[in-house]
Each structure stands twice: as structure tokens, then as C-alpha cells.
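Pasting query-v7.cif here (mmCIF, C-alpha atoms and all ligand atoms):
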```
data_model
#
loop_
_atom_site.label_atom_id
_atom_site.label_comp_id
_atom_site.auth_asym_id
_atom_site.auth_seq_id
_atom_site.Cartn_x
_atom_site.Cartn_y
_atom_site.Cartn_z
CA MET D 1 107.43 91.28 86.54
CA ILE D 2 103.66 91.64 86.27
CA PHE D 3 101.36 92.04 89.28
CA THR D 4 97.67 91.59 88.58
CA ILE D 5 95.42 92.57 91.49
CA LEU D 6 91.86 91.35 91.86
CA THR D 7 89.86 93.58 94.19
CA LEU D 8 86.49 95.15 94.90
CA PHE D 9 88.26 98.41 95.80
CA PRO D 10 90.64 99.32 92.95
CA ASN D 11 90.93 102.95 94.16
CA LEU D 12 92.87 101.78 97.20
CA PHE D 13 95.79 101.05 94.87
CA SER D 14 95.98 104.33 93.00
CA SER D 15 98.32 106.40 95.12
CA PRO D 16 100.52 103.78 96.88
CA LEU D 17 101.76 102.44 93.53
CA GLN D 18 102.61 105.89 92.22
CA GLU D 19 105.32 106.91 94.66
CA SER D 20 109.00 106.40 95.28
CA ILE D 21 110.74 103.10 94.44
CA ILE D 22 107.65 101.44 92.93
CA LYS D 23 106.97 104.43 90.73
CA ARG D 24 110.52 104.39 89.39
CA ALA D 25 110.41 100.62 88.81
CA VAL D 26 107.25 101.05 86.72
CA GLU D 27 108.82 103.90 84.76
CA LYS D 28 111.86 101.72 84.05
CA GLY D 29 109.57 98.94 82.82
CA LEU D 30 110.76 96.52 85.51
CA ILE D 31 107.33 95.98 87.04
CA GLU D 32 103.82 96.42 85.71
CA PHE D 33 100.42 96.52 87.43
CA ASN D 34 96.99 95.47 86.20
CA ILE D 35 94.19 96.21 88.61
CA LEU D 36 90.91 94.46 87.97
CA ASN D 37 87.61 95.11 89.69
CA ILE D 38 86.02 91.75 90.55
CA ARG D 39 82.63 93.46 90.34
CA ASP D 40 83.11 93.87 86.57
CA PHE D 41 83.01 90.07 86.31
CA ALA D 42 79.84 89.51 88.37
CA VAL D 43 77.21 87.45 86.56
CA ASP D 44 73.92 89.18 87.47
CA ILE D 45 72.55 92.63 86.61
CA HIS D 46 73.08 93.85 90.17
CA ARG D 47 76.74 92.82 89.88
CA THR D 48 76.50 90.94 93.18
CA CYS D 49 79.83 89.85 94.65
CA ASP D 50 78.79 88.77 98.14
CA ASP D 51 75.95 86.86 99.75
CA SER D 52 74.84 85.59 103.17
CA PRO D 53 76.51 82.42 104.48
CA TYR D 54 74.84 79.02 104.09
CA GLY D 55 73.94 77.74 107.55
CA GLY D 56 73.36 81.24 108.84
CA GLY D 57 75.58 83.48 110.90
CA PRO D 58 76.72 87.08 110.72
CA GLY D 59 78.24 88.93 107.80
CA MET D 60 78.57 88.29 104.11
CA VAL D 61 80.74 85.90 102.09
CA MET D 62 82.44 86.72 98.79
CA LYS D 63 80.92 84.64 96.00
CA ILE D 64 83.02 82.25 93.96
CA GLU D 65 81.72 82.99 90.42
CA PRO D 66 82.95 86.59 90.03
CA ILE D 67 86.37 85.61 91.43
CA SER D 68 86.60 82.55 89.21
CA ARG D 69 85.57 84.53 86.12
CA THR D 70 88.14 87.24 86.84
CA MET D 71 90.85 84.58 87.26
CA GLU D 72 89.88 82.97 83.94
CA TYR D 73 90.04 86.36 82.24
CA VAL D 74 93.54 86.98 83.67
CA GLU D 75 94.84 83.60 82.55
CA HIS D 76 93.24 83.92 79.12
CA SER D 77 94.53 87.43 78.44
CA ALA D 78 98.05 86.62 79.67
CA GLY D 79 98.11 83.44 77.57
CA ARG D 80 99.63 81.65 80.54
CA ARG D 81 98.54 80.84 84.08
CA PRO D 82 100.06 83.28 86.60
CA LYS D 83 100.71 82.29 90.20
CA PHE D 84 97.42 82.93 92.01
CA VAL D 85 97.81 84.09 95.62
CA LEU D 86 94.87 84.70 97.95
CA LEU D 87 95.42 87.19 100.79
CA THR D 88 93.74 85.84 103.91
CA PRO D 89 94.44 85.82 107.66
CA GLN D 90 94.30 82.00 107.37
CA GLY D 91 97.30 81.87 105.01
CA ARG D 92 100.96 81.12 105.64
CA LEU D 93 102.81 83.96 107.31
CA PHE D 94 104.63 86.20 104.86
CA ASP D 95 108.35 86.76 105.42
CA GLN D 96 111.51 87.87 103.60
CA GLY D 97 112.14 84.37 102.22
CA THR D 98 108.64 84.23 100.73
CA ALA D 99 109.13 87.69 99.18
CA GLU D 100 112.31 86.47 97.51
CA ARG D 101 110.70 83.26 96.27
CA LEU D 102 107.61 85.00 94.87
CA ALA D 103 109.82 87.55 93.06
CA ARG D 104 110.96 84.70 90.80
CA ASN D 105 107.49 84.49 89.21
CA PRO D 106 107.08 86.49 86.01
CA HIS D 107 103.40 87.06 86.76
CA LEU D 108 101.74 87.13 90.17
CA CYS D 109 97.99 87.51 90.60
CA LEU D 110 96.99 88.76 94.06
CA ILE D 111 93.39 88.15 95.08
CA CYS D 112 92.04 90.43 97.80
CA GLY D 113 89.32 88.96 99.94
CA ARG D 114 86.83 91.23 101.68
CA TYR D 115 84.07 91.11 104.20
CA GLU D 116 83.97 88.14 106.54
CA GLY D 117 85.66 85.80 104.10
CA VAL D 118 85.47 84.15 100.70
CA ASP D 119 83.59 81.02 99.67
CA GLU D 120 85.81 78.12 100.79
CA ARG D 121 85.79 76.68 97.24
CA VAL D 122 87.94 79.60 96.06
CA LEU D 123 90.81 77.89 97.90
CA THR D 124 90.77 75.11 95.32
CA LEU D 125 91.38 77.67 92.54
CA VAL D 126 94.48 79.36 94.00
CA ASP D 127 98.10 78.25 94.32
CA GLU D 128 98.83 79.82 97.70
CA GLU D 129 97.18 81.55 100.66
CA ILE D 130 99.22 84.23 102.42
CA SER D 131 98.68 86.20 105.62
CA ILE D 132 100.75 89.24 106.61
CA GLY D 133 100.25 88.72 110.34
CA ASP D 134 98.02 87.43 113.09
CA TYR D 135 95.42 90.18 113.04
CA VAL D 136 92.32 90.74 110.97
CA LEU D 137 92.19 93.60 108.48
CA SER D 138 89.10 94.72 106.57
CA GLY D 139 90.41 93.09 103.43
CA GLY D 140 93.35 91.81 101.43
CA GLU D 141 94.16 95.17 99.79
CA VAL D 142 96.66 96.47 102.36
CA PRO D 143 98.27 92.99 102.60
CA ALA D 144 98.57 92.95 98.77
CA LEU D 145 100.40 96.29 98.92
CA VAL D 146 102.72 94.86 101.57
CA LEU D 147 103.56 91.91 99.31
CA ILE D 148 104.07 94.15 96.28
CA ASP D 149 106.49 96.38 98.18
CA ALA D 150 108.54 93.54 99.67
CA ILE D 151 108.57 91.46 96.46
CA SER D 152 109.46 94.34 94.12
CA ARG D 153 112.63 94.94 96.11
CA HIS D 154 113.87 91.54 94.87
CA VAL D 155 113.21 92.22 91.20
CA PRO D 156 116.60 92.83 89.54
CA GLY D 157 117.23 96.53 88.89
CA VAL D 158 114.53 97.86 91.25
CA LEU D 159 117.00 98.74 94.01
CA GLY D 160 120.45 100.23 93.81
CA ASN D 161 123.29 98.11 95.24
CA GLU D 162 123.38 99.96 98.54
CA GLN D 163 119.73 99.39 99.30
CA SER D 164 119.95 95.71 98.25
CA SER D 165 122.69 95.05 100.77
CA ILE D 166 120.53 96.46 103.58
CA ASP D 167 117.86 93.89 102.66
CA GLU D 168 120.53 91.17 102.56
CA SER D 169 121.35 91.78 106.21
CA PHE D 170 117.74 91.08 107.17
CA LYS D 171 117.95 87.79 105.28
CA GLU D 172 120.71 86.83 107.68
CA HIS D 173 118.07 87.18 110.43
CA LEU D 174 119.83 90.17 111.96
CA LEU D 175 118.35 93.60 112.58
CA GLU D 176 120.14 96.52 111.03
CA TYR D 177 122.88 98.32 112.96
CA PRO D 178 122.02 101.79 114.40
CA GLN D 179 122.28 104.67 111.93
CA TYR D 180 122.99 108.33 112.60
CA THR D 181 123.25 111.49 110.57
CA ARG D 182 124.01 115.15 111.28
CA PRO D 183 124.07 116.80 113.79
CA ASP D 184 126.69 114.88 115.83
CA VAL D 185 125.17 116.20 119.05
CA PHE D 186 121.42 116.68 119.57
CA GLU D 187 120.48 117.99 123.02
CA ASP D 188 122.61 115.70 125.18
CA MET D 189 122.70 112.79 122.73
CA GLU D 190 125.97 112.16 120.92
CA VAL D 191 126.69 110.08 117.85
CA PRO D 192 129.05 107.20 118.84
CA SER D 193 132.58 108.52 118.30
CA VAL D 194 133.71 105.46 116.31
CA LEU D 195 131.43 106.58 113.44
CA LEU D 196 133.29 109.89 113.23
CA SER D 197 136.72 108.23 113.41
CA GLY D 198 137.10 107.42 109.71
CA ASN D 199 138.49 103.97 110.67
CA HIS D 200 136.52 101.72 108.31
CA GLU D 201 137.51 98.41 109.89
CA GLU D 202 136.59 99.63 113.37
CA ILE D 203 133.28 100.97 112.05
CA ARG D 204 132.53 97.63 110.38
CA ARG D 205 133.21 95.72 113.62
CA TRP D 206 131.21 98.16 115.71
CA ARG D 207 128.23 97.87 113.36
CA ARG D 208 128.35 94.09 113.43
CA ARG D 209 128.44 94.08 117.23
CA GLU D 210 125.57 96.58 117.52
CA ALA D 211 123.44 94.64 114.99
CA ILE D 212 123.90 91.47 117.03
CA LYS D 213 123.23 93.29 120.31
CA LYS D 214 120.08 94.91 118.93
CA THR D 215 118.79 91.57 117.67
CA ILE D 216 119.45 89.83 121.00
CA LEU D 217 117.66 92.62 122.88
CA LYS D 218 114.73 93.32 120.58
CA ARG D 219 114.14 90.15 118.61
CA PRO D 220 115.66 87.16 120.43
CA ASP D 221 113.41 84.92 118.29
CA LEU D 222 115.42 85.96 115.19
CA MET D 223 118.69 84.92 116.86
CA GLU D 224 117.54 81.30 116.81
CA ARG D 225 117.77 81.35 113.02
CA PHE D 226 120.99 83.37 112.81
CA VAL D 227 124.06 81.39 111.74
CA PRO D 228 127.06 83.16 113.32
CA ALA D 229 130.41 83.35 111.55
CA ARG D 230 133.56 82.83 113.65
CA GLU D 231 133.85 86.59 114.34
CA ASP D 232 130.20 86.69 115.42
CA GLN D 233 130.63 83.91 117.99
CA GLY D 234 133.06 86.07 119.97
CA ILE D 235 130.73 89.05 119.65
CA ILE D 236 127.72 87.07 120.91
CA LYS D 237 129.70 85.83 123.92
CA LYS D 238 130.82 89.36 124.82
CA VAL D 239 127.38 90.88 124.32
CA MET D 240 125.79 88.21 126.53
CA GLU D 241 128.40 88.86 129.22
CA GLU D 242 127.74 92.62 129.02
CA LEU D 243 124.01 92.11 129.28
CA SER D 244 124.26 89.84 132.31
CA GLU D 245 126.36 92.39 134.21
N1 LIG D 301 92.83 89.84 105.07
C1 LIG D 301 92.39 90.26 106.27
N2 LIG D 301 93.36 90.20 107.19
C2 LIG D 301 94.48 89.73 106.55
C3 LIG D 301 95.81 89.45 106.96
N3 LIG D 301 96.21 89.61 108.22
N4 LIG D 301 96.67 88.97 106.03
C4 LIG D 301 96.26 88.78 104.77
N5 LIG D 301 95.03 89.02 104.32
C5 LIG D 301 94.13 89.50 105.20
#
```
Mind converting the file's structure to C-alpha cells?
Amino acid sequence: MIFTILTLFPNLFSSPLQESIIKRAVEKGLIEFNILNIRDFAVDIHRTCDDSPYGGGPGMVMKIEPISRTMEYVEHSAGRRPKFVLLTPQGRLFDQGTAERLARNPHLCLICGRYEGVDERVLTLVDEEISIGDYVLSGGEVPALVLIDAISRHVPGVLGNEQSSIDESFKEHLLEYPQYTRPDVFEDMEVPSVLLSGNHEEIRRWRRREAIKKTILKRPDLMERFVPAREDQGIIKKVMEELSE
């Protein structure tokens, strides 16, 4: 899968894409990054990419021509139109389902807005607008990295089987069960004894119950989208009883 990133701050991408899972995926040839500086496509000798807003008001607005020219270059050099996604706080909220859907595109072009916004006409050039949450960041670069991380995990071969199944549980709209590692006692805190029992069926049931309990307590909004299996219905009933005691 190819990610092309359009930005005014290409340096922001240098180290995050050269570590860990992403680094290995690039080495294996599973994902590829092209990072383009929008400023290289500006039309005037000062390479201007922003200007004051028509109608007045504070701040600067990113100009349409350099963005449009960079997009044309991307499409022309790829020989095919990629999916163009603009990162903006006004976009649709990004979630696990969107990550999975976007991972099915062979070529994604992420456009990072900056300053107080981009010329509204840029919206007519892109296929989607995505926000990573209801807060304003200084630009679309960190959101683009968030998308890249979450999407890459769905590209076949990027994760081992174990890691993929952890992601699967989130798709169910459940939080992950609690995890522990050595030592079995830290200060006065003990690892639940069931995890040391070696009884795999009991461990499986305990984990399911704890995942449901954690979700009810910490993210009740996720429970609304959770579709319980028969076993889960009993667990939910018991957990609710326990919590009301
Ligand atoms: N640009 C600035 N803030 C953003 C956000 N929350 N999501 C996506 N792009 C942004």
C-alpha cells in the first residue's frame, strides 16, 4: 500500500515512520511512503502557500493552487487517481472501521492542512475529510500519522497473528482484558490467581468477563454497539448485578 503525504512540514514525518512495526512493514515492501512538500509546488517566486482571508479576520488560510498542483502531480506520477483524504477538525471522526476500510485502497494521499484552515474550494478536490477527534491541533501532520499507524495494521502481513487478534477484539467494541506479567506480586498487588492456574478454559472465561466489565465501567458508550453472544449475556447480567451491590 502506498501513502503519499502532502505537507508543509515534511520533517515531522522523518522519525515516526522509521520505528517499530511501520519500519518493518516498509522493509518488507508492504507499505511505502512518499512525502511531498506543498511549498515545492507553489506558483510564485516567494513560494507562497498561505494568504490572509477574504472578508478579513485573524490568521492565514492555505491557498488552493499549491495544494491542487501537488495533487495533480501525485495523480500524474502514479498514473492513477489515489484516494485523497484531507485531515481537518471538520471531518468525519476516525475510528477502527474507517481504518479498516481505508486499508483497502492501494494508494492513499493524505493532505495535511495548517494554520487556521484551507481555502474551502479544496474540499471539492478531495474524496474525504477526516478528523481524529474534537480538538484543534496545529495541523494535519499528527492526525496523518495516527491514520497511517491505524491503517497499516490492517494491511495483510504487517502484523503477526497474535497482534491482529488483539485488534479484532476492539472491532467487537470491547476493551481488552487486563494483562499482567512478572512479577506475580508487586508491593501488595497480586496477579489474579486464575492466570497462574494453567486452566486455559477458565482463563478464557475470566478474560471475557473482565473485558466486558472493563468496557461497562470505562466506556459504557461502546457497550451500546457490542453484540453479545449467548455466553456474554450471562456475563453482562452478572457484572451488572455485581456493580449494583
Ligand atoms: N487538523 C487540526 N486538528 C485536527 C484534528 N483534530 N483532526 C484532523 N485534522 C486536524
Would you compute an axis-aligned box for ligand LIG 301 (chain D), covering every atom listed for it in the file with 6 Å of margin on each side, and report centre and edge lengths in Å to one decimal as lines of an AutoDock Vina configuration file?
```
center_x = 94.5
center_y = 89.5
center_z = 106.3
size_x = 16.3
size_y = 13.5
size_z = 15.9
```
With ligand LIG 301 (chain D) as the partner and 8 Å as the cut-off, tabulate the residues of chain D that qualify, each row holding the nearest pair of atoms and their distance in Å to one decimal, using all atoms listed in the file, sorted by chain and rising number, as a tab-separated table.
```
residue	atom	partner	partner_atom	distance
D:Leu86	CA	D:LIG301	N5	7.7
D:Leu87	CA	D:LIG301	N5	4.0
D:Thr88	CA	D:LIG301	N5	3.5
D:Pro89	CA	D:LIG301	C3	3.9
D:Gln90	CA	D:LIG301	N4	7.5
D:Gly91	CA	D:LIG301	C4	7.0
D:Cys112	CA	D:LIG301	N5	7.3
D:Gly113	CA	D:LIG301	N1	6.3
D:Arg114	CA	D:LIG301	N1	7.0
D:Ile130	CA	D:LIG301	C4	5.9
D:Ser131	CA	D:LIG301	N4	3.4
D:Ile132	CA	D:LIG301	N4	4.1
D:Gly133	CA	D:LIG301	N3	4.6
D:Asp134	CA	D:LIG301	N3	5.6
D:Tyr135	CA	D:LIG301	N3	4.9
D:Val136	CA	D:LIG301	N2	4.0
D:Leu137	CA	D:LIG301	N2	3.8
D:Ser138	CA	D:LIG301	C1	5.6
D:Gly139	CA	D:LIG301	N1	4.4
D:Gly140	CA	D:LIG301	N1	4.2
D:Glu141	CA	D:LIG301	N1	7.6
D:Val142	CA	D:LIG301	N5	7.9
D:Pro143	CA	D:LIG301	C4	5.1
D:Ala144	CA	D:LIG301	C4	7.7
```
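Among the candidates D:Glu168, D:Glu100, D:Asp149, D:Glu242, the one nearest to D:Phe3 when counting all atoms listed in the file is D:Asp149.
A search radius of 8 Å centred on (112.3, 100.7, 92.3), applied to only C-alpha atoms, returns the residues Ser20, Ile21, Ile22, Lys23, Arg24, Ala25, Val26, Ser152, Arg153, Gly157, Val158 and Leu159 of chain D.
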### Message
I need every residue sitting at most 12 Å from the point (97.5, 83.3, 80.6) (coordinates as in the file, only C-alpha atoms considered), written as number ranges by chain.
### Response
D: 2, 4, 70-84, 106-109
Using C-alpha atoms, can you export the residues from the last selection as a compact mmCIF listing (two decimals), in the coordinates of the input?
```txt
# COMPACT_ATOMS: atom_id res chain seq x y z
CA ILE D 2 103.66 91.64 86.27
CA THR D 4 97.67 91.59 88.58
CA THR D 70 88.14 87.24 86.84
CA MET D 71 90.85 84.58 87.26
CA GLU D 72 89.88 82.97 83.94
CA TYR D 73 90.04 86.36 82.24
CA VAL D 74 93.54 86.98 83.67
CA GLU D 75 94.84 83.60 82.55
CA HIS D 76 93.24 83.92 79.12
CA SER D 77 94.53 87.43 78.44
CA ALA D 78 98.05 86.62 79.67
CA GLY D 79 98.11 83.44 77.57
CA ARG D 80 99.63 81.65 80.54
CA ARG D 81 98.54 80.84 84.08
CA PRO D 82 100.06 83.28 86.60
CA LYS D 83 100.71 82.29 90.20
CA PHE D 84 97.42 82.93 92.01
CA PRO D 106 107.08 86.49 86.01
CA HIS D 107 103.40 87.06 86.76
CA LEU D 108 101.74 87.13 90.17
CA CYS D 109 97.99 87.51 90.60
```
### Query
Neighbours of D:Leu196 within 10 Å (all atoms listed in the file; same-chain residues fewer than 5 positions away dropped), as a PyMOL selection string?
chain D and resi 184+191+203
### Task
Skip D:Lys171 itself and residues of its chain fewer than 5 positions away, then list as a PyMOL selection string all residues within 12 Å of it, counting only C-alpha atoms.
chain D and resi 95-100+154+164-166+176+222-223+225-227
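Between atom CA of D:Ile31 and atom CA of D:Glu128 lies a distance of 21.1 Å.
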### Task
Please measure the separation of atom CA of D:Leu102 and atom CA of D:Ile151, giving the value in Å to one decimal.
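About the pair atom CA of D:Leu102 and atom CA of D:Ile151: they are 6.7 Å apart.
For the atom pair formed by atom CA of D:Glu245 and atom CA of D:Glu202, the distance is 24.3 Å, given to one decimal.
Proximity to D:Ser52 at 9 Å, evaluated using only C-alpha atoms and with sequence-adjacent residues fewer than 5 positions away removed, yields Gly57, Pro58, Gly59, Met60, Val61 and Met62 of chain D.
The residue that comes closest to D:Val155, out of D:Glu32, D:Asp119, D:Glu210, D:Glu65 and on the basis of only C-alpha atoms, is D:Glu32.
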### Task
Can you work out which one of D:Leu93, D:Leu243, D:Ile111, D:Val194 has the shortest atom-to-atom distance to D:Thr7, counting only C-alpha atoms?
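Once distances to D:Thr7 are computed over only C-alpha atoms, the minimum belongs to D:Ile111.
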### Message
Please determine, counting only C-alpha atoms, which residue among D:Ile148, D:Leu17, D:Ile38, D:Val122 has the shortest atom-to-atom distance to D:Met1.
### Response
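Of D:Ile148, D:Leu17, D:Ile38, D:Val122, the one nearest D:Met1, counting only C-alpha atoms, is D:Ile148.
With all atoms listed in the file as the atoms that count, the minimum distance from D:Gly117 to the choices D:Ile235, D:Cys49, D:Val85, D:Leu145 is reached by D:Cys49.
Across D:Gly29, D:Pro228, D:Pro66, D:Gly55, the tightest approach to D:Leu8 is made by D:Pro66 when counting only C-alpha atoms.
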